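Shown next, in structure tokens, is the structure this report addresses.
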Amino acid sequence: MKSSSPSTVADTVFVERIRSKVKYWRESCKSSDTNKSRDEELVNSLRNIVLGNEQFRSRPCMTVDVCSERQVQLILEMVLDYSDDLLPLPIPTKSGTIHAVRIVLANSKEDKDLLERELRNLEEEESKKIRGFREVIDLISASQKPVISHNCLNDCTLIHSKFIAPLPPEIDEFVSSLCSVFPEVLDINYLMKKHGTMRKVTNIPSAISYLNNHFFAPVDLEIPDQATVKEGKIHGLTALRLSYLFMKLCSILKISPNVTESGNKHLAPELEDFTNVFHPFSTPIQDSFNGGDVGMWTNNTKKVSCEHLVFLWGFKIGITAGMLKSLLRSSHDIFSREFDVKLVDKSCAIVVFWQSGVSKRFLDILNSEEIRGDLKELVSDGMRVTSYETYNTICRLGLWEMDLAESLERALESSCCDIESNCERKSSEIHWYNDNVINLDDL
């Protein structure tokens with residue numbers, strides 16, 4: 001299908017560059033089919049490595065990155081006009097946008113038609129699976145019963161985007177939309193950490209193992225005969241483990257999950273405070289603002305560059321911002337400069353250095369042999385520090401845990417921290433308030 005938009009000079013340059021690349025790649029693949037000698041095979045293998053040649057369903061392919069829908073359209077038009085044995089396949093991201101186009105080289109036009117039919121059949125099968133699971137979503141929604149999740153934010157955003165509607169830009173809109181389908185969503189991970197039952201665990205088997213090793217809470221688990229291992233896997237095993245974990249936790253906390261249904265009430269009162277918590281630092285949607293851990297400010301603000309901020313965690317729970325500031329001031333000469341400390345939550349704080357370059361110097365000291373004295377003892381006791389870029393990575397990639405400290409740990413452990421940040425100018429400054437507690441929304 002031809003584009004109705006007139007071609008620009010940039011379009012022409014882009015198309016010719018891609019056409020030349022495709023032509024060279026196609027000729028290279030075609031010539032490799034006729035070469036027989038070992039030397040030529042070796043040369044072709046090296047050429048494929050240099051060109052980054054790939055395979056798609058046993059056929060040579062190449063991937064072309066794109067920056068816009070316009071470039072996608074130009075590549076599709078160019079490839080379809082260029083040859084009968086080339087098949088362009090747009091590669092979507094999780095959000096639905098196209099980030100690249102895969103160009104597959106078929107053996108012939110007939111082989112290309114065969115590949116297209118195979119891909120259409122696969123697409124129809126996936127569509128049937130999605131429609132089938134949508135029926136499950138509708139049945140759960142109609143029952144109005146609580147939904148139990150272990151990683152609530154990730155699970156619910158995936159379900160919302162796949163089966164309900166595209167994700168809205170604001171989390172409040174997302175919560176409202178999701179609650180119209182699932183009135184009560186209970187996050188087991190949040191429940192465990194809120195009650196102080198668990199240490200840091202990242203998956204359901206680890207949580208079950210920890211509970212079994214530290215608490216006596218007998219829970220009978222029955223698996224029907226038809227759910228035993230067949231064909232090498234157990235369907236629904238994760239859901240079964242999650243249910244077992246929930247019952248085990250309720251037993252430990254002496255909470256009865258069973259209630260006599262009256263009207264639309266399906267959940268024990270003790271569990272209602274742990275429902276609909278979709279953001280690690282938000283209150284449940286049905287609760288009013290509690291001002292205990294977060295504050296709202298309107299006066300006494302200063303603008304501070306994000307480069308002057310560091311995030312600090314690993315200190316004792318219950319320490320105040322003033323106590324932490326005094327502790328830091330006596331730990332190293334770097335804190336003889338002007339700085340301030342704000343608590344984000346009970347486990348994490350932000351330190352701002354008012355002189356340029358001091359924050360970077362502080363991070364360099366922590367990673368060098370210059371660290372000594374009281375500062376070295378603080379680090380030995382578990383204190384961790386990172387720059388604003390790590391927090392920016394968490395926000396961009398959604399690496400959220402229940403506590404900001406755990407989110408920062410996860411980001412540092414992840415290879416995602418190596419991804420170059422694309423921070424715009426408008427986000428290089430934040431407002432700094434003269435309070436001891438800072439609101440994450442201001443970051």
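Scheme for the structure tokens: letters A, B, ... for chains in order shown; per-chain residue numbers from 1; ligand numbers from 1 in order shown.
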
Using backbone DSSP assignments, extract all strand (DSSP E or B) residues from stretch 8-187 of chain A; output them as a PyMOL selection string. chain A and resi 54-56+59-65+86-92+98-105+147-149+185-187

I need the chosen residues saved as a PDB file, in the first residue's frame, with N, CA and C atoms.
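Below is the file that was written, again06.pdb:
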ATOM      1  N   GLU A  54      21.008 -12.935  10.402  1.00  0.00           N
ATOM      2  CA  GLU A  54      20.247 -13.737  11.344  1.00  0.00           C
ATOM      3  C   GLU A  54      19.446 -14.786  10.586  1.00  0.00           C
ATOM      4  N   GLN A  55      18.718 -15.605  11.350  1.00  0.00           N
ATOM      5  CA  GLN A  55      17.847 -16.622  10.774  1.00  0.00           C
ATOM      6  C   GLN A  55      16.441 -16.451  11.342  1.00  0.00           C
ATOM      7  N   PHE A  56      15.445 -16.594  10.473  1.00  0.00           N
ATOM      8  CA  PHE A  56      14.049 -16.580  10.901  1.00  0.00           C
ATOM      9  C   PHE A  56      13.343 -17.746  10.233  1.00  0.00           C
ATOM     10  N   ARG A  59      15.341 -19.289   7.532  1.00  0.00           N
ATOM     11  CA  ARG A  59      15.574 -18.437   6.363  1.00  0.00           C
ATOM     12  C   ARG A  59      16.426 -17.248   6.782  1.00  0.00           C
ATOM     13  N   PRO A  60      17.327 -16.788   5.907  1.00  0.00           N
ATOM     14  CA  PRO A  60      18.146 -15.625   6.254  1.00  0.00           C
ATOM     15  C   PRO A  60      17.266 -14.394   6.474  1.00  0.00           C
ATOM     16  N   CYS A  61      17.669 -13.563   7.409  1.00  0.00           N
ATOM     17  CA  CYS A  61      16.924 -12.323   7.641  1.00  0.00           C
ATOM     18  C   CYS A  61      17.867 -11.252   8.159  1.00  0.00           C
ATOM     19  N   MET A  62      17.443 -10.022   8.068  1.00  0.00           N
ATOM     20  CA  MET A  62      18.183  -8.891   8.616  1.00  0.00           C
ATOM     21  C   MET A  62      17.184  -7.966   9.306  1.00  0.00           C
ATOM     22  N   THR A  63      17.662  -7.217  10.284  1.00  0.00           N
ATOM     23  CA  THR A  63      16.794  -6.329  11.054  1.00  0.00           C
ATOM     24  C   THR A  63      17.202  -4.884  10.819  1.00  0.00           C
ATOM     25  N   VAL A  64      16.220  -4.056  10.504  1.00  0.00           N
ATOM     26  CA  VAL A  64      16.452  -2.631  10.267  1.00  0.00           C
ATOM     27  C   VAL A  64      15.741  -1.843  11.364  1.00  0.00           C
ATOM     28  N   ASP A  65      16.488  -1.099  12.157  1.00  0.00           N
ATOM     29  CA  ASP A  65      15.890  -0.274  13.207  1.00  0.00           C
ATOM     30  C   ASP A  65      15.197   0.942  12.602  1.00  0.00           C
ATOM     31  N   LEU A  86      11.409 -11.278  -0.903  1.00  0.00           N
ATOM     32  CA  LEU A  86      11.659 -10.611   0.377  1.00  0.00           C
ATOM     33  C   LEU A  86      10.332 -10.344   1.090  1.00  0.00           C
ATOM     34  N   LEU A  87      10.302 -10.657   2.385  1.00  0.00           N
ATOM     35  CA  LEU A  87       9.094 -10.455   3.187  1.00  0.00           C
ATOM     36  C   LEU A  87       9.424  -9.554   4.377  1.00  0.00           C
ATOM     37  N   PRO A  88       8.867  -8.336   4.436  1.00  0.00           N
ATOM     38  CA  PRO A  88       9.109  -7.451   5.581  1.00  0.00           C
ATOM     39  C   PRO A  88       8.145  -7.753   6.724  1.00  0.00           C
ATOM     40  N   LEU A  89       8.672  -7.839   7.944  1.00  0.00           N
ATOM     41  CA  LEU A  89       7.856  -8.146   9.122  1.00  0.00           C
ATOM     42  C   LEU A  89       8.128  -7.104  10.208  1.00  0.00           C
ATOM     43  N   PRO A  90       7.196  -6.186  10.453  1.00  0.00           N
ATOM     44  CA  PRO A  90       7.385  -5.207  11.542  1.00  0.00           C
ATOM     45  C   PRO A  90       7.505  -5.909  12.894  1.00  0.00           C
ATOM     46  N   ILE A  91       8.411  -5.410  13.745  1.00  0.00           N
ATOM     47  CA  ILE A  91       8.635  -5.984  15.076  1.00  0.00           C
ATOM     48  C   ILE A  91       8.098  -5.000  16.110  1.00  0.00           C
ATOM     49  N   PRO A  92       6.997  -5.340  16.788  1.00  0.00           N
ATOM     50  CA  PRO A  92       6.414  -4.407  17.759  1.00  0.00           C
ATOM     51  C   PRO A  92       7.067  -4.522  19.126  1.00  0.00           C
ATOM     52  N   ILE A  98       6.201   0.129  16.721  1.00  0.00           N
ATOM     53  CA  ILE A  98       7.172  -0.627  15.924  1.00  0.00           C
ATOM     54  C   ILE A  98       8.556  -0.037  16.145  1.00  0.00           C
ATOM     55  N   HIS A  99       9.509  -0.879  16.557  1.00  0.00           N
ATOM     56  CA  HIS A  99      10.871  -0.386  16.783  1.00  0.00           C
ATOM     57  C   HIS A  99      11.854  -0.895  15.738  1.00  0.00           C
ATOM     58  N   ALA A 100      11.440  -1.854  14.895  1.00  0.00           N
ATOM     59  CA  ALA A 100      12.328  -2.394  13.867  1.00  0.00           C
ATOM     60  C   ALA A 100      11.499  -3.160  12.842  1.00  0.00           C
ATOM     61  N   VAL A 101      12.118  -3.414  11.691  1.00  0.00           N
ATOM     62  CA  VAL A 101      11.490  -4.232  10.647  1.00  0.00           C
ATOM     63  C   VAL A 101      12.441  -5.368  10.305  1.00  0.00           C
ATOM     64  N   ARG A 102      11.946  -6.599  10.397  1.00  0.00           N
ATOM     65  CA  ARG A 102      12.726  -7.775  10.024  1.00  0.00           C
ATOM     66  C   ARG A 102      12.448  -8.100   8.559  1.00  0.00           C
ATOM     67  N   ILE A 103      13.508  -8.204   7.763  1.00  0.00           N
ATOM     68  CA  ILE A 103      13.370  -8.531   6.344  1.00  0.00           C
ATOM     69  C   ILE A 103      13.855  -9.961   6.144  1.00  0.00           C
ATOM     70  N   VAL A 104      12.956 -10.837   5.684  1.00  0.00           N
ATOM     71  CA  VAL A 104      13.248 -12.262   5.525  1.00  0.00           C
ATOM     72  C   VAL A 104      13.435 -12.575   4.048  1.00  0.00           C
ATOM     73  N   LEU A 105      14.493 -13.318   3.736  1.00  0.00           N
ATOM     74  CA  LEU A 105      14.766 -13.740   2.358  1.00  0.00           C
ATOM     75  C   LEU A 105      14.269 -15.165   2.162  1.00  0.00           C
ATOM     76  N   VAL A 147      -8.886 -10.658  43.897  1.00  0.00           N
ATOM     77  CA  VAL A 147      -7.827 -11.228  43.064  1.00  0.00           C
ATOM     78  C   VAL A 147      -6.534 -11.172  43.859  1.00  0.00           C
ATOM     79  N   ILE A 148      -5.822 -12.284  43.922  1.00  0.00           N
ATOM     80  CA  ILE A 148      -4.577 -12.362  44.688  1.00  0.00           C
ATOM     81  C   ILE A 148      -3.400 -12.369  43.723  1.00  0.00           C
ATOM     82  N   SER A 149      -2.408 -11.540  44.009  1.00  0.00           N
ATOM     83  CA  SER A 149      -1.226 -11.445  43.148  1.00  0.00           C
ATOM     84  C   SER A 149       0.019 -11.359  44.021  1.00  0.00           C
ATOM     85  N   VAL A 185      -7.942  -6.120  44.711  1.00  0.00           N
ATOM     86  CA  VAL A 185      -6.719  -6.826  44.325  1.00  0.00           C
ATOM     87  C   VAL A 185      -5.785  -6.825  45.525  1.00  0.00           C
ATOM     88  N   LEU A 186      -5.393  -7.991  45.965  1.00  0.00           N
ATOM     89  CA  LEU A 186      -4.563  -8.139  47.169  1.00  0.00           C
ATOM     90  C   LEU A 186      -3.154  -8.545  46.766  1.00  0.00           C
ATOM     91  N   ASP A 187      -2.179  -7.734  47.151  1.00  0.00           N
ATOM     92  CA  ASP A 187      -0.775  -8.002  46.834  1.00  0.00           C
ATOM     93  C   ASP A 187      -0.134  -8.754  47.997  1.00  0.00           C
TER      94      ASP A 187
END

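Using only C-alpha atoms, the smallest distance between any of A:Thr275, A:Val72, A:Thr8, A:Ala106 and A:Cys29 comes from A:Ala106.
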
Residue nearest A:Leu327 - candidates A:Leu80, A:Ile137, A:Val341, A:Cys348, atoms counted: only C-alpha atoms: A:Val341

Extract, using only C-alpha atoms, all DNA, RNA and protein residues at most 10 Å from A:Leu366, discarding same-chain residues fewer than 4 positions from it, and format them as a PyMOL selection string. chain A and resi 361-362+370-372+375-376+379+384-386

Using only C-alpha atoms, which residue out of A:Leu237, A:Val277, A:Ile252, A:Ala268 lies closest to A:Phe174?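 Among the listed residues, A:Val277 lies closest to A:Phe174.
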
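The neighbours of stretch 410-412 of chain A here are the residues that come within 8 Å of it, using only C-alpha atoms and leaving out any residue fewer than 5 positions away in the same chain; they are Thr390, Thr393, Ile394, Leu399 and Cys417 of chain A.
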
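The closest residue to A:Met247, picked from A:Leu211, A:Val15, A:Pro6, A:Ser58 and counting only C-alpha atoms, is A:Leu211.
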
Write out as a list in words which residues come within 12 Å of A:Pro166 when counting only C-alpha atoms, dropping same-chain ones fewer than 6 positions away. Lys94, Ser95, Gly96, Thr157, Leu158, Ile159, His160, Glu173, Phe174, Ser177 and Leu178 of chain A

Since we have the selection now, will you write its residues out, keeping N, CA and C atoms, as a PDB file, in the first residue's frame?
ATOM      1  N   LYS A  94       6.337  -4.023  23.475  1.00  0.00           N
ATOM      2  CA  LYS A  94       5.227  -4.398  24.351  1.00  0.00           C
ATOM      3  C   LYS A  94       4.114  -3.360  24.330  1.00  0.00           C
ATOM      4  N   SER A  95       4.474  -2.097  24.076  1.00  0.00           N
ATOM      5  CA  SER A  95       3.466  -1.035  24.041  1.00  0.00           C
ATOM      6  C   SER A  95       2.720  -0.979  22.720  1.00  0.00           C
ATOM      7  N   GLY A  96       3.170  -1.764  21.728  1.00  0.00           N
ATOM      8  CA  GLY A  96       2.477  -1.810  20.447  1.00  0.00           C
ATOM      9  C   GLY A  96       3.140  -1.011  19.348  1.00  0.00           C
ATOM     10  N   THR A 157      -0.677  -4.459  35.351  1.00  0.00           N
ATOM     11  CA  THR A 157      -0.449  -3.641  34.155  1.00  0.00           C
ATOM     12  C   THR A 157      -0.421  -4.505  32.903  1.00  0.00           C
ATOM     13  N   LEU A 158       0.147  -5.705  33.010  1.00  0.00           N
ATOM     14  CA  LEU A 158       0.164  -6.618  31.863  1.00  0.00           C
ATOM     15  C   LEU A 158      -1.255  -7.041  31.488  1.00  0.00           C
ATOM     16  N   ILE A 159      -2.041  -7.453  32.482  1.00  0.00           N
ATOM     17  CA  ILE A 159      -3.421  -7.879  32.214  1.00  0.00           C
ATOM     18  C   ILE A 159      -4.238  -6.723  31.644  1.00  0.00           C
ATOM     19  N   HIS A 160      -4.055  -5.536  32.203  1.00  0.00           N
ATOM     20  CA  HIS A 160      -4.808  -4.371  31.729  1.00  0.00           C
ATOM     21  C   HIS A 160      -4.485  -4.073  30.268  1.00  0.00           C
ATOM     22  N   GLU A 173      -5.579   6.951  36.950  1.00  0.00           N
ATOM     23  CA  GLU A 173      -6.509   6.494  35.915  1.00  0.00           C
ATOM     24  C   GLU A 173      -6.423   4.980  35.761  1.00  0.00           C
ATOM     25  N   PHE A 174      -5.204   4.457  35.845  1.00  0.00           N
ATOM     26  CA  PHE A 174      -5.018   3.005  35.742  1.00  0.00           C
ATOM     27  C   PHE A 174      -5.727   2.281  36.884  1.00  0.00           C
ATOM     28  N   SER A 177      -9.494   2.374  36.400  1.00  0.00           N
ATOM     29  CA  SER A 177      -9.919   1.467  35.327  1.00  0.00           C
ATOM     30  C   SER A 177      -9.851   0.011  35.768  1.00  0.00           C
ATOM     31  N   LEU A 178      -8.763  -0.352  36.451  1.00  0.00           N
ATOM     32  CA  LEU A 178      -8.604  -1.740  36.880  1.00  0.00           C
ATOM     33  C   LEU A 178      -9.645  -2.117  37.931  1.00  0.00           C
TER      34      LEU A 178
END

Spatial neighbours of A:Val22, 9 Å, only C-alpha atoms, chain gap at least 4 places, as a VMD selection string: chain A and resid 17 to 18 26 to 27 62 79 103

Could you save the residues just selected, with C-alpha atoms, as a PDB file, in the first residue's frame?
ATOM      1  CA  ARG A  17      20.443   3.804   2.194  1.00  0.00           C
ATOM      2  CA  ILE A  18      18.230   0.884   3.234  1.00  0.00           C
ATOM      3  CA  ARG A  26      20.521 -10.233  -0.523  1.00  0.00           C
ATOM      4  CA  GLU A  27      23.295 -10.700  -3.078  1.00  0.00           C
ATOM      5  CA  MET A  62      18.183  -8.891   8.616  1.00  0.00           C
ATOM      6  CA  VAL A  79      10.950  -4.101   0.064  1.00  0.00           C
ATOM      7  CA  ILE A 103      13.370  -8.531   6.344  1.00  0.00           C
TER       8      ILE A 103
END

Pick from A:Ser331, A:Ser127, A:Asn203, A:Ser347: nearest to A:Gly318, with only C-alpha atoms counted?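 Among the listed residues, A:Ser347 lies closest to A:Gly318.
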
Considering only helix (DSSP H, G or I) as DSSP defines it on the backbone, what residues of stretch 56-92 of chain A qualify? List them as a short mmCIF file (atom, residue, chain, number, x, y, z; two decimals) with C-alpha atoms, in the first residue's frame.
data_model
loop_
_atom_site.label_atom_id
_atom_site.label_comp_id
_atom_site.auth_asym_id
_atom_site.auth_seq_id
_atom_site.Cartn_x
_atom_site.Cartn_y
_atom_site.Cartn_z
CA GLU A 69 5.92 4.97 11.66
CA ARG A 70 6.91 6.87 8.52
CA GLN A 71 10.16 4.92 8.25
CA VAL A 72 8.26 1.65 8.74
CA GLN A 73 5.96 2.54 5.83
CA LEU A 74 8.91 3.50 3.61
CA ILE A 75 10.70 0.19 4.29
CA LEU A 76 7.56 -1.85 3.59
CA GLU A 77 7.02 -0.07 0.27
CA MET A 78 10.67 -0.38 -0.74
CA VAL A 79 10.95 -4.10 0.06
CA LEU A 80 7.70 -5.07 -1.67
CA ASP A 81 8.74 -3.18 -4.80
CA TYR A 82 12.30 -4.49 -4.72
#

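The closest residue to A:Asp111, picked from A:Glu406, A:Asp84, A:Glu338, A:Asp39 and counting only C-alpha atoms, is A:Asp84.
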